[in-house]
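Undergrad: coords_19.txt is reproduced below (compact mmCIF, C-alpha atoms).
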```txt
# COMPACT_ATOMS: atom_id res chain seq x y z
CA MET A 1 63.34 135.02 47.14
CA THR A 2 60.78 134.55 49.85
CA GLY A 3 58.85 131.40 49.11
CA ASP A 4 58.06 131.65 45.46
CA PHE A 5 57.41 128.83 43.04
CA TYR A 6 60.75 129.32 41.31
CA THR A 7 62.73 128.77 44.49
CA TRP A 8 60.62 125.82 45.57
CA THR A 9 61.25 124.21 42.20
CA ILE A 10 64.97 124.68 42.60
CA VAL A 11 64.87 123.15 46.07
CA CYS A 12 62.85 120.17 44.87
CA ALA A 13 65.17 119.65 41.91
CA GLY A 14 68.14 119.85 44.26
CA GLY A 15 66.51 117.33 46.53
CA ALA A 16 65.78 115.01 43.66
CA VAL A 17 69.35 114.95 42.34
CA THR A 18 70.67 114.47 45.85
CA LEU A 19 68.33 111.57 46.55
CA LEU A 20 69.22 110.02 43.20
CA ALA A 21 72.92 110.31 43.99
CA ARG A 22 72.37 108.69 47.38
CA ALA A 23 70.15 105.94 46.02
CA SER A 24 72.07 105.34 42.80
CA PHE A 25 74.01 102.17 43.51
CA ILE A 26 71.74 101.02 46.30
CA VAL A 27 68.60 100.73 44.20
CA LEU A 28 70.16 99.76 40.88
CA PRO A 29 70.34 96.02 40.30
CA PRO A 30 73.76 94.64 41.24
CA GLU A 31 74.51 93.52 37.70
CA THR A 32 74.34 97.07 36.33
CA ARG A 33 77.46 97.85 34.40
CA VAL A 34 79.23 100.98 35.56
CA PRO A 35 81.69 102.49 33.08
CA LYS A 36 85.28 102.13 34.21
CA TRP A 37 85.97 105.82 34.00
CA MET A 38 83.01 106.50 36.30
CA GLN A 39 84.25 103.93 38.81
CA ARG A 40 87.63 105.60 38.84
CA CYS A 41 86.17 109.06 39.29
CA LEU A 42 83.85 108.01 42.09
CA LYS A 43 86.77 106.69 44.09
CA TYR A 44 88.19 110.17 44.42
CA VAL A 45 85.12 112.37 44.74
CA ALA A 46 85.20 112.62 48.55
CA ALA A 47 88.95 113.28 48.58
CA ALA A 48 88.42 116.18 46.18
CA VAL A 49 85.13 117.66 47.36
CA LEU A 50 85.57 117.60 51.15
CA PRO A 51 88.87 119.54 51.27
CA ALA A 52 87.69 121.96 48.55
CA LEU A 53 84.53 122.58 50.54
CA VAL A 54 86.43 123.26 53.74
CA LEU A 55 89.16 125.49 52.38
CA PRO A 56 87.31 128.78 51.77
CA ASP A 57 85.74 128.68 55.25
CA VAL A 58 89.11 128.14 56.87
CA LEU A 59 91.23 130.50 54.83
CA PHE A 60 89.01 133.36 53.86
CA ARG A 61 86.23 133.74 56.41
CA ASP A 62 86.37 136.72 58.82
CA VAL A 63 89.78 137.80 57.62
CA ALA A 64 91.26 140.56 59.73
CA VAL A 65 91.74 143.92 58.07
CA GLY A 66 95.05 144.08 56.23
CA GLN A 67 95.53 140.32 56.11
CA ALA A 68 95.09 137.98 53.19
CA VAL A 69 93.95 134.93 55.12
CA ASN A 70 92.50 134.11 58.50
CA THR A 71 95.62 132.86 60.28
CA TYR A 72 93.75 131.96 63.46
CA ARG A 73 91.43 129.63 61.58
CA ILE A 74 94.31 128.04 59.73
CA ILE A 75 96.06 127.24 62.99
CA ALA A 76 92.85 126.00 64.59
CA ALA A 77 92.18 123.79 61.58
CA LEU A 78 95.69 122.34 61.75
CA VAL A 79 95.27 121.60 65.44
CA ALA A 80 91.91 119.97 64.70
CA MET A 81 93.48 117.83 61.98
CA LEU A 82 96.17 116.72 64.37
CA ALA A 83 93.51 115.80 66.91
CA ALA A 84 91.56 113.94 64.21
CA TRP A 85 94.67 112.03 63.21
CA LYS A 86 95.64 111.11 66.75
CA THR A 87 92.27 110.34 68.27
CA ARG A 88 89.94 109.60 65.34
CA ASN A 89 87.30 111.12 67.59
CA ILE A 90 84.87 113.79 66.40
CA PHE A 91 84.47 115.27 69.89
CA ALA A 92 88.22 115.72 70.17
CA THR A 93 88.49 117.20 66.68
CA LEU A 94 85.68 119.67 67.23
CA GLY A 95 86.80 120.55 70.73
CA ALA A 96 90.42 121.05 69.77
CA GLY A 97 89.53 123.18 66.77
CA MET A 98 86.98 125.41 68.51
CA ALA A 99 89.09 125.77 71.66
CA THR A 100 92.14 126.79 69.64
CA LEU A 101 90.14 129.34 67.68
CA TRP A 102 88.53 130.81 70.79
CA LEU A 103 91.86 131.04 72.60
CA LEU A 104 93.51 132.75 69.65
CA GLN A 105 90.62 135.14 69.22
CA TYR A 106 90.59 135.95 72.93
CA PHE A 107 94.31 136.48 73.48
CA ARG A 108 95.15 137.76 70.00
CA PRO A 109 98.88 136.87 70.19
CA PHE A 110 99.54 138.04 66.65
CA MET B 1 86.62 98.63 67.07
CA LEU B 2 84.27 95.97 65.81
CA LEU B 3 82.05 94.81 68.64
CA PRO B 4 79.42 92.13 68.25
CA VAL B 5 75.97 93.62 68.25
CA ASN B 6 73.65 91.22 69.97
CA ASN B 7 69.98 91.88 69.54
CA THR B 8 67.65 94.13 67.63
CA ARG B 9 66.80 96.68 70.27
CA SER B 10 70.36 97.08 71.39
CA ALA B 11 71.53 97.42 67.78
CA TYR B 12 69.21 100.35 67.21
CA PHE B 13 70.27 102.11 70.41
CA ARG B 14 73.90 101.28 69.76
CA GLY B 15 73.63 103.12 66.47
CA LEU B 16 71.96 106.00 68.20
CA SER B 17 74.61 106.33 70.88
CA ASP B 18 77.52 105.84 68.49
CA ILE B 19 76.38 108.67 66.26
CA THR B 20 76.10 111.13 69.17
CA PRO B 21 79.54 112.75 68.66
CA ALA B 22 78.61 113.48 65.06
CA VAL B 23 75.23 114.84 66.17
CA VAL B 24 76.93 117.24 68.58
CA GLY B 25 78.94 118.63 65.70
CA LEU B 26 75.95 118.88 63.43
CA ILE B 27 73.76 120.84 65.83
CA PRO B 28 75.63 124.13 65.35
CA PHE B 29 75.86 123.31 61.66
CA GLY B 30 72.08 122.90 61.47
CA MET B 31 71.42 126.07 63.43
CA ILE B 32 73.72 128.09 61.23
CA THR B 33 72.11 126.65 58.10
CA GLY B 34 68.65 127.57 59.32
CA ALA B 35 69.81 131.01 60.39
CA ALA B 36 71.46 131.56 57.00
CA ALA B 37 68.23 130.71 55.21
CA THR B 38 66.26 133.21 57.28
CA ALA B 39 68.96 135.85 56.94
CA ALA B 40 68.78 135.40 53.17
CA GLY B 41 65.11 136.25 53.31
CA MET B 42 63.80 132.76 52.79
CA ASP B 43 60.28 131.94 53.78
CA PRO B 44 60.44 129.84 56.99
CA TRP B 45 58.48 127.03 55.37
CA LEU B 46 60.89 127.00 52.48
CA ALA B 47 63.83 126.98 54.86
CA LEU B 48 62.39 124.05 56.79
CA GLY B 49 61.37 122.37 53.57
CA MET B 50 64.88 122.67 52.18
CA SER B 51 66.26 120.93 55.19
CA PHE B 52 63.78 118.12 54.71
CA ILE B 53 63.87 117.84 50.93
CA ILE B 54 67.60 118.17 50.33
CA TYR B 55 68.86 117.05 53.75
CA ALA B 56 72.49 117.93 53.12
CA GLY B 57 73.92 120.89 55.01
CA ALA B 58 76.87 121.83 52.85
CA SER B 59 74.76 121.94 49.71
CA GLN B 60 71.98 123.81 51.53
CA LEU B 61 74.43 126.55 52.48
CA ALA B 62 75.86 126.67 48.98
CA ALA B 63 72.37 126.90 47.51
CA ILE B 64 71.37 129.69 49.89
CA SER B 65 74.41 131.76 49.01
CA LEU B 66 73.75 131.24 45.29
CA LEU B 67 70.08 132.11 45.63
CA ILE B 68 71.00 135.40 47.28
CA GLN B 69 73.09 136.18 44.21
CA HIS B 70 70.15 135.33 41.95
CA ALA B 71 72.18 132.65 40.27
CA PRO B 72 70.43 130.80 37.44
CA ALA B 73 68.43 127.77 38.50
CA LEU B 74 70.71 125.45 36.58
CA VAL B 75 73.80 126.72 38.39
CA VAL B 76 72.15 126.25 41.78
CA VAL B 77 71.05 122.71 41.03
CA ALA B 78 74.40 121.85 39.44
CA THR B 79 76.24 123.12 42.50
CA ILE B 80 73.99 121.12 44.82
CA LEU B 81 74.74 118.08 42.70
CA VAL B 82 78.50 118.57 42.73
CA VAL B 83 78.62 119.19 46.46
CA ASN B 84 76.51 116.07 47.04
CA LEU B 85 78.17 113.87 44.45
CA ARG B 86 80.18 112.24 47.22
CA PHE B 87 76.94 110.53 48.28
CA MET B 88 77.11 108.58 45.06
CA MET B 89 80.45 107.27 46.19
CA TYR B 90 79.02 106.26 49.57
CA SER B 91 76.12 104.63 47.75
CA ALA B 92 78.49 102.50 45.69
CA ALA B 93 80.44 101.43 48.75
CA ILE B 94 77.42 100.61 50.88
CA ALA B 95 75.17 99.03 48.23
CA PRO B 96 76.23 95.40 48.84
CA GLN B 97 75.19 95.70 52.46
CA PHE B 98 71.69 96.85 51.56
CA ARG B 99 71.09 94.33 48.83
CA HIS B 100 68.68 92.25 50.89
CA LEU B 101 66.36 95.15 51.67
CA SER B 102 62.95 95.81 50.14
CA ALA B 103 62.77 98.56 47.54
CA ARG B 104 61.00 100.90 49.94
CA LYS B 105 63.63 100.40 52.63
CA LYS B 106 66.39 100.89 50.08
CA TRP B 107 65.00 104.28 49.19
CA LEU B 108 64.49 105.20 52.85
CA PHE B 109 67.99 104.15 53.82
CA SER B 110 69.31 106.03 50.79
CA TYR B 111 67.53 109.21 51.78
CA LEU B 112 69.06 108.96 55.25
CA LEU B 113 72.61 108.48 53.99
CA VAL B 114 74.94 111.19 55.23
CA ASP B 115 78.71 111.43 55.65
CA HIS B 116 78.92 110.48 59.29
CA ALA B 117 76.43 107.66 59.01
CA PHE B 118 78.47 106.17 56.21
CA ALA B 119 81.72 106.54 58.13
CA LEU B 120 80.19 104.96 61.20
CA LEU B 121 78.66 102.02 59.40
CA SER B 122 81.92 101.36 57.56
CA ALA B 123 83.80 101.33 60.83
CA ARG B 124 81.35 99.11 62.70
CA PHE B 125 80.46 96.75 59.87
CA PRO B 126 83.37 96.76 57.45
CA PRO B 127 82.31 95.72 53.98
CA GLY B 128 83.51 92.30 52.97
CA ASP B 129 83.20 90.96 56.49
CA THR B 130 82.97 87.22 56.02
CA THR B 131 82.80 85.92 59.56
CA GLN B 132 79.28 84.63 58.98
CA THR B 133 78.40 81.76 56.70
CA PRO B 134 75.98 82.96 54.05
CA GLY B 135 72.43 81.68 54.27
CA THR B 136 72.49 80.87 57.95
CA LYS B 137 70.26 82.36 60.60
CA ALA B 138 73.32 83.90 62.22
CA GLU B 139 74.09 85.79 59.04
CA GLN B 140 70.51 87.05 58.86
CA GLN B 141 70.82 88.28 62.41
CA VAL B 142 73.97 90.19 61.59
CA LYS B 143 72.21 91.80 58.66
CA LYS B 144 69.26 92.76 60.81
CA ASN B 145 71.58 94.18 63.44
CA ARG B 146 73.37 96.18 60.83
CA ASP B 147 70.10 97.55 59.42
CA ASP B 148 68.88 98.53 62.87
CA TYR B 149 72.23 100.01 63.78
CA TYR B 150 72.18 102.11 60.63
CA PHE B 151 68.59 103.16 61.18
CA GLY B 152 69.28 104.05 64.81
CA GLY B 153 72.14 106.31 63.90
CA THR B 154 70.58 107.92 60.85
CA SER B 155 67.12 108.49 62.30
CA PHE B 156 68.61 110.25 65.33
CA LEU B 157 70.80 112.36 63.06
CA TRP B 158 67.86 113.24 60.84
CA VAL B 159 65.66 114.34 63.72
CA MET B 160 68.41 116.43 65.29
CA TRP B 161 69.21 118.04 61.95
CA GLN B 162 65.60 119.09 61.39
CA ILE B 163 65.35 120.44 64.96
CA SER B 164 68.66 122.35 64.76
CA ASN B 165 67.66 123.78 61.44
CA ALA B 166 64.30 124.88 62.83
CA ILE B 167 65.99 126.53 65.80
CA GLY B 168 68.25 128.36 63.39
CA VAL B 169 65.33 129.45 61.23
CA PHE B 170 63.26 130.84 64.09
CA ALA B 171 65.88 131.88 66.63
CA GLY B 172 69.00 132.33 64.52
CA THR B 173 69.37 135.99 65.35
CA LEU B 174 69.95 135.04 68.97
CA ILE B 175 73.19 133.20 68.17
CA PRO B 176 76.09 135.53 68.97
CA GLY B 177 78.11 136.08 65.83
CA ASN B 178 81.42 136.45 67.58
CA TRP B 179 81.28 132.92 68.94
CA SER B 180 82.47 131.81 65.49
CA LEU B 181 80.12 128.86 65.69
CA ASP B 182 80.25 128.66 61.93
CA PHE B 183 83.76 127.28 62.30
CA ALA B 184 82.13 124.08 63.46
CA ILE B 185 81.10 123.49 59.87
CA PRO B 186 84.54 123.08 58.30
CA LEU B 187 85.62 121.20 61.44
CA VAL B 188 82.85 118.67 61.03
CA PHE B 189 84.05 118.00 57.50
CA LEU B 190 87.70 118.00 58.49
CA ALA B 191 86.97 115.08 60.77
CA LEU B 192 85.93 113.17 57.65
CA VAL B 193 88.77 114.21 55.37
CA LEU B 194 91.61 112.18 56.86
CA PRO B 195 89.80 108.82 56.63
CA ALA B 196 88.98 109.66 53.01
CA LEU B 197 92.67 110.02 52.11
CA GLN B 198 93.59 106.40 51.84
CA SER B 199 96.34 106.38 49.27
CA ARG B 200 98.91 108.64 47.71
CA THR B 201 96.56 109.25 44.81
CA HIS B 202 93.87 110.37 47.26
CA TRP B 203 96.33 112.80 48.83
CA LEU B 204 97.27 114.19 45.44
CA THR B 205 93.61 114.53 44.53
CA ALA B 206 93.01 116.53 47.69
CA LEU B 207 96.08 118.65 47.06
CA VAL B 208 95.01 119.50 43.53
CA ALA B 209 91.45 120.24 44.63
CA VAL B 210 92.58 122.44 47.50
CA THR B 211 95.02 124.38 45.32
CA ALA B 212 92.37 124.89 42.66
CA ALA B 213 89.89 125.98 45.33
CA ALA B 214 92.35 128.50 46.75
CA PHE B 215 92.92 130.09 43.36
CA THR B 216 89.32 130.11 42.23
CA THR B 217 87.61 131.65 45.25
CA ALA B 218 87.18 134.83 43.27
CA LEU B 219 85.01 133.03 40.77
CA PRO B 220 81.36 133.89 41.03
CA MET B 221 78.60 131.51 41.95
CA LYS B 222 80.80 129.01 43.71
CA LEU B 223 82.18 127.89 40.37
CA GLY B 224 85.46 127.59 42.21
CA LEU B 225 84.12 124.60 44.10
CA ILE B 226 82.95 122.83 40.97
CA THR B 227 86.23 123.60 39.22
CA ALA B 228 88.27 122.36 42.17
CA ALA B 229 86.23 119.19 42.50
CA VAL B 230 86.46 118.42 38.78
CA ALA B 231 90.18 119.15 38.75
CA GLY B 232 90.82 116.95 41.76
CA VAL B 233 88.74 114.05 40.50
CA ALA B 234 90.25 114.29 37.02
CA VAL B 235 93.78 114.12 38.40
CA GLY B 236 92.88 111.31 40.77
CA ALA B 237 91.14 109.25 38.13
CA TRP B 238 93.99 109.83 35.66
CA LEU B 239 96.65 108.79 38.18
CA ASP B 240 94.53 105.80 39.08
CA SER B 241 94.43 104.64 35.48
CA ARG B 242 98.20 104.98 35.22
CA ALA B 243 98.96 103.09 38.39
CA VAL B 244 100.36 99.59 38.26
CA PRO B 245 97.82 97.33 39.95
CA VAL B 246 99.10 96.09 43.27
CA LYS B 247 98.10 92.50 43.93
```
Output the file's structure in the form of structure tokens.
TA:
Amino acid sequence: MTGDFYTWTIVCAGGAVTLLARASFIVLPPETRVPKWMQRCLKYVAAAVLPALVLPDVLFRDVAVGQAVNTYRIIAALVAMLAAWKTRNIFATLGAGMATLWLLQYFRPF
Amino acid sequence: MLLPVNNTRSAYFRGLSDITPAVVGLIPFGMITGAAATAAGMDPWLALGMSFIIYAGASQLAAISLLIQHAPALVVVATILVVNLRFMMYSAAIAPQFRHLSARKKWLFSYLLVDHAFALLSARFPPGDTTQTPGTKAEQQVKKNRDDYYFGGTSFLWVMWQISNAIGVFAGTLIPGNWSLDFAIPLVFLALVLPALQSRTHWLTALVAVTAAAFTTALPMKLGLITAAVAGVAVGAWLDSRAVPVK
């Protein structure tokens, strides 16, 4: 999969669908009729995709031998969510999450 | 948090400075994405090209992992689409604010649309803001400020993404693995999740999606993600259609 034509085509196709998704409502004339079911679905796409995207990386990445999930990451993620809720600040969220993970990984309390 | 943005140059730089926290989070993300591409055996030009052509980190990572598994082209493109479908939602929300732009600018601004830029613009310039009388010079100024603010933030983000990605591609092996820098990726998205959960239905959507994701991680080719997303959206849309409209 170095730099062959097949892979380039996939990348370009991926880029095209992504750009179309981004441009969709912006470039379409305002009077375009959007089916009701599509409107409803769009409302909830972020709420579904973002958590689903995050979950595997939090739960199942770098799991310690003998464990089912990465407990350190779960705790760090919860701390980060608390920080996000309280401060609404990306710095705080990132900092809290990474700091918690590093501390847990360094001290290994359990 | 809505502050008046006074003139063109300051609007651009305001956007730039406001997006800096997001940029800080996206730098490790970009580096890891670039490093992942190289580690997967991708040609450096392809890796850089991917970052430019697709310009969406989560889908880039998903695509890389699928390409390693020699997944069929259709599956890779479909996964990229599903992961990036949320951009369609942002597009719908932001479209009224870009209505006055030329076609070329619309496409440019669309290309630059990413999660944090959308969140920032929505916070700074809430849609439906009617403090300006339509048609007046003042209203035009607000629009121009908004455009420049958006362009300031997104152009900075774009440049930093390409640079971080390039660093990852060429120097990725230098990043110590035990720093767990890859945890920055879910964190960056976590910062966006809470604002996205605006109603009980949104919460239920997320719950369904997360549960489905947890149970489908064993599925090959990231089908778990597509399944979870579809399940979540289906439940959300269904609940939405059942809900009594609140006036």
Undergrad: Which distance in Å separates CA of Ile175 (chain B) and CA of Val193 (chain B), to one decimal?
TA: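 Computing it gives 27.7 Å between the two atoms.
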Undergrad: What residues in chain A have any atom no more than 8 Å from chain B when counting all atoms listed in the file, and can you write them as a ChimeraX atom specification?
TA: /A:1-3,8,10-19,21-27,37,40-58,77,80-81,84-85,88-91,93-94,97-98,102
Undergrad: Mind giving me the straight-line distance from CA of Phe107 (chain A) to CA of Tyr72 (chain A) in Å, one decimal?
TA: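 CA of Tyr72 (chain A) lies 11.0 Å from CA of Phe107 (chain A).
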Undergrad: Check the smallest atom-to-atom distance from each of B:Arg146, B:His100, B:Arg200, B:Arg242 to Arg124 (chain B) using all atoms listed in the file, then report the winner.
TA: B:Arg146
Undergrad: For Arg14 (chain B), which residue out of B:Asp148, B:Ala71, B:Glu139, B:Ala36 is the nearest one, using all atoms listed in the file?
TA: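 Result for the nearest residue to Arg14 (chain B): B:Asp148.
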Undergrad: Pick out the residues sitting within 10 Å of Gly34 (chain B), and hand them over as a list in words; count all atoms listed in the file, and ignore anything fewer than 4 positions along from it in its own chain.
TA: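 Surrounding residues, per the criterion: Pro28, Phe29, Gly30, Thr38, Ala39, Ala40, Met42, Pro44, Ala47, Leu48, Met50, Ser51, Gly57, Gln60, Leu61, Trp161, Gln162, Ile163, Ser164, Asn165, Ala166, Ile167, Gly168, Val169, Phe170, Ala171 and Gly172 of chain B.
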Undergrad: Distance CA of Leu103 (chain A)-CA of Thr173 (chain B), one decimal place?
TA: 24.1 Å
Undergrad: If I wrap all listed atoms of region 82-88 of chain A in a box with edges along x, y and z and add 5 Å on each side, what are its centre and edge lengths in Å to one decimal, as JSON?
TA:
```
{"center_x": 93.1, "center_y": 113.2, "center_z": 65.7, "size_x": 16.2, "size_y": 17.1, "size_z": 15.1}
```
